Amino acid sequence: MNYKGYRIQMADYSPLEFSRAPHPAPMPLAERNAALANPGFGTVFSDHMVTIDYVDGLGWHNARLGPREPISLDPATAVLHYAQEIFEGLKAYRLADGGTALFRPDRNAHRFNSSAERLAMPHIPEEMFIGAVRELVMADSDWFPSVEGGSLYIRPFAFASEPFLGVRPAKEYKFLVIASPAGNYFKSGAPAVSIWVSSDYTRAAPGGTGAAKCGGNYAASLVPQAEAIAHGHDQVVFLDAAERKYIEELGGMNLFFVFDDGSLITPPLSGTILPGITRDSLITLAREEGLSVHEQRYSLEEWREDARSGRLVEAFACGTAAVVTPVGHVAGHDGEFTIGSGGPGQLTTKLREKLVGIQRGTVPDTHGWVLRLD
Ligand SMILES: Cc1ncc(COP(=O)(O)O)c(C=O)c1O
């Protein structure tokens, strides 16, 4: 396939045979149970990982499940210099009936491939992506946290592994999947977050990589996120790079605005924001509730004015990690304002409960979003 001048090799896919080497010394039970009782987010990892190699001409090969271990890289490995890297984030859930499931993993596979295209990387067949996730979840099925609302966070990623200094797409890649037990973001009472509007920095410009899930986007968000924290807020919100007027998204979550007439607005997928799977699911669920959801631009000015007049009754952020997070307070160099009561709103709570219920198997999955693994 030709992509903007680069020849990207489509992997010749026939379902890959996995070789399996169980960990010879998995984490001792007492240590694992302690980790699972208080997993936090992103600090504890399960025993295994999946690795699949890619070489131009050969395609994806050597699929293996093995012990989670460090990877050794040549200092000239392309990703360390030119950041040709993409990733995904999804959760495996324990269902109410004890089974294990993924939520819309086909959408993660699809987005992974959109990111791959933007970063001039080879496609990964959807079956291979989901198959690799399944391998890991099945191998580490003892790694589901015991805490309520816990899940196994899955991180598939791919990077340019060719030792080569020069700016061109690499000829070798690795695809890995690791897993990390994750606790509930909402401990009790679902606190609302306070967000800081970045006026000095933007996240993504038209034509850039905003719609791709590549590490570089997150590296660039660290300074504005640190600025938000330094000002006493939880998260940064970015404005559009062209006019510095319209709300885009948070560093790692999409945004929704809820109005007193029952309508919702969420910023459109214009190429500068990540097409969130939670965002897409919530649009569907809100429309099923009879609400009208508009994917349209919404300015900071409108946000401030609508919060002041009371037309805006709720705002919430959404993403895989935190599911749905109410936004209570907004601040920036031009002053600050509160949304509604400053706490979680009714619709925010209702949509969150419905989505979590579908993910956990307590609310019927009428959309075929839940993929059972056992
Ligand atoms: C920048 C950004 N926006 C939005 C999202 C939400 O996407 P999703 O709902 O697919 O997790 C994420 C998280 O993946 C993100 O990193």
# chains A, B, ... in the order shown; residues from 1 in each chain; ligands from 1

$ residues_around --residues "Asp47 (chain A)" --least-positions-apart "3" --cutoff "10 Å" --atoms "only C-alpha atoms" --output "MDAnalysis selection string"
chainID A and resid 22:27 32 44 66:69 136 139:140 142:143 178:180

$ residues_near_ligand --ligand "ligand 1" --cutoff "7 Å" --atoms "only C-alpha atoms and all ligand atoms" --output "list in words"
Glu88, Gly89, Leu90, Lys213, Glu249, Leu250, Gly251, Gly252, Met253, Asn254, Ile273, Leu274, Pro275, Gly276, Ile277, Thr278, Arg279, Cys318, Gly319, Thr320 and Ala321 of chain A

$ atom_distance --atom1 "CA of Glu117 (chain A)" --atom2 "CA of Ala158 (chain A)"
12.4 Å

$ residues_around --residues "region 111-113 of chain A" --least-positions-apart "3" --cutoff "10 Å" --atoms "only C-alpha atoms" --output "MDAnalysis selection string"
chainID A and resid 86:89 105:108 116:119 121:126 129 156:158 211:214 274:277

$ closest_residue --among "A:Glu148, A:Asp261, A:Asp280, A:Glu305" --to "Leu36 (chain A)" --atoms "only C-alpha atoms"
A:Glu148

$ select_by_dssp --residues "region 218-338 of chain A" --states "helix (DSSP H, G or I)" --output "PyMOL selection string"
chain A and resi 218-230+277-288+300-309

$ closest_atom_pairs --of "region 119-204 of chain A" --to "region 221-229 of chain A" --cutoff "10 Å" --atoms "only C-alpha atoms" --output "JSON lines"
{"residue": "A:Ser194", "atom": "CA", "partner": "A:Ala228", "partner_atom": "CA", "distance": 9.3}
{"residue": "A:Ile195", "atom": "CA", "partner": "A:Ala228", "partner_atom": "CA", "distance": 7.1}
{"residue": "A:Trp196", "atom": "CA", "partner": "A:Ala228", "partner_atom": "CA", "distance": 5.2}
{"residue": "A:Val197", "atom": "CA", "partner": "A:Ala228", "partner_atom": "CA", "distance": 7.8}
{"residue": "A:Ser198", "atom": "CA", "partner": "A:Pro224", "partner_atom": "CA", "distance": 6.4}
{"residue": "A:Ser199", "atom": "CA", "partner": "A:Pro224", "partner_atom": "CA", "distance": 9.1}
{"residue": "A:Asp200", "atom": "CA", "partner": "A:Pro224", "partner_atom": "CA", "distance": 8.0}
{"residue": "A:Tyr201", "atom": "CA", "partner": "A:Pro224", "partner_atom": "CA", "distance": 6.4}
{"residue": "A:Thr202", "atom": "CA", "partner": "A:Ser221", "partner_atom": "CA", "distance": 8.2}
{"residue": "A:Arg203", "atom": "CA", "partner": "A:Ser221", "partner_atom": "CA", "distance": 6.4}
{"residue": "A:Ala204", "atom": "CA", "partner": "A:Ser221", "partner_atom": "CA", "distance": 9.7}

$ residues_around --residues "Arg297 (chain A)" --least-positions-apart "5" --cutoff "8 Å" --atoms "only C-alpha atoms" --output "number ranges by chain"
A: 246-247, 266-268
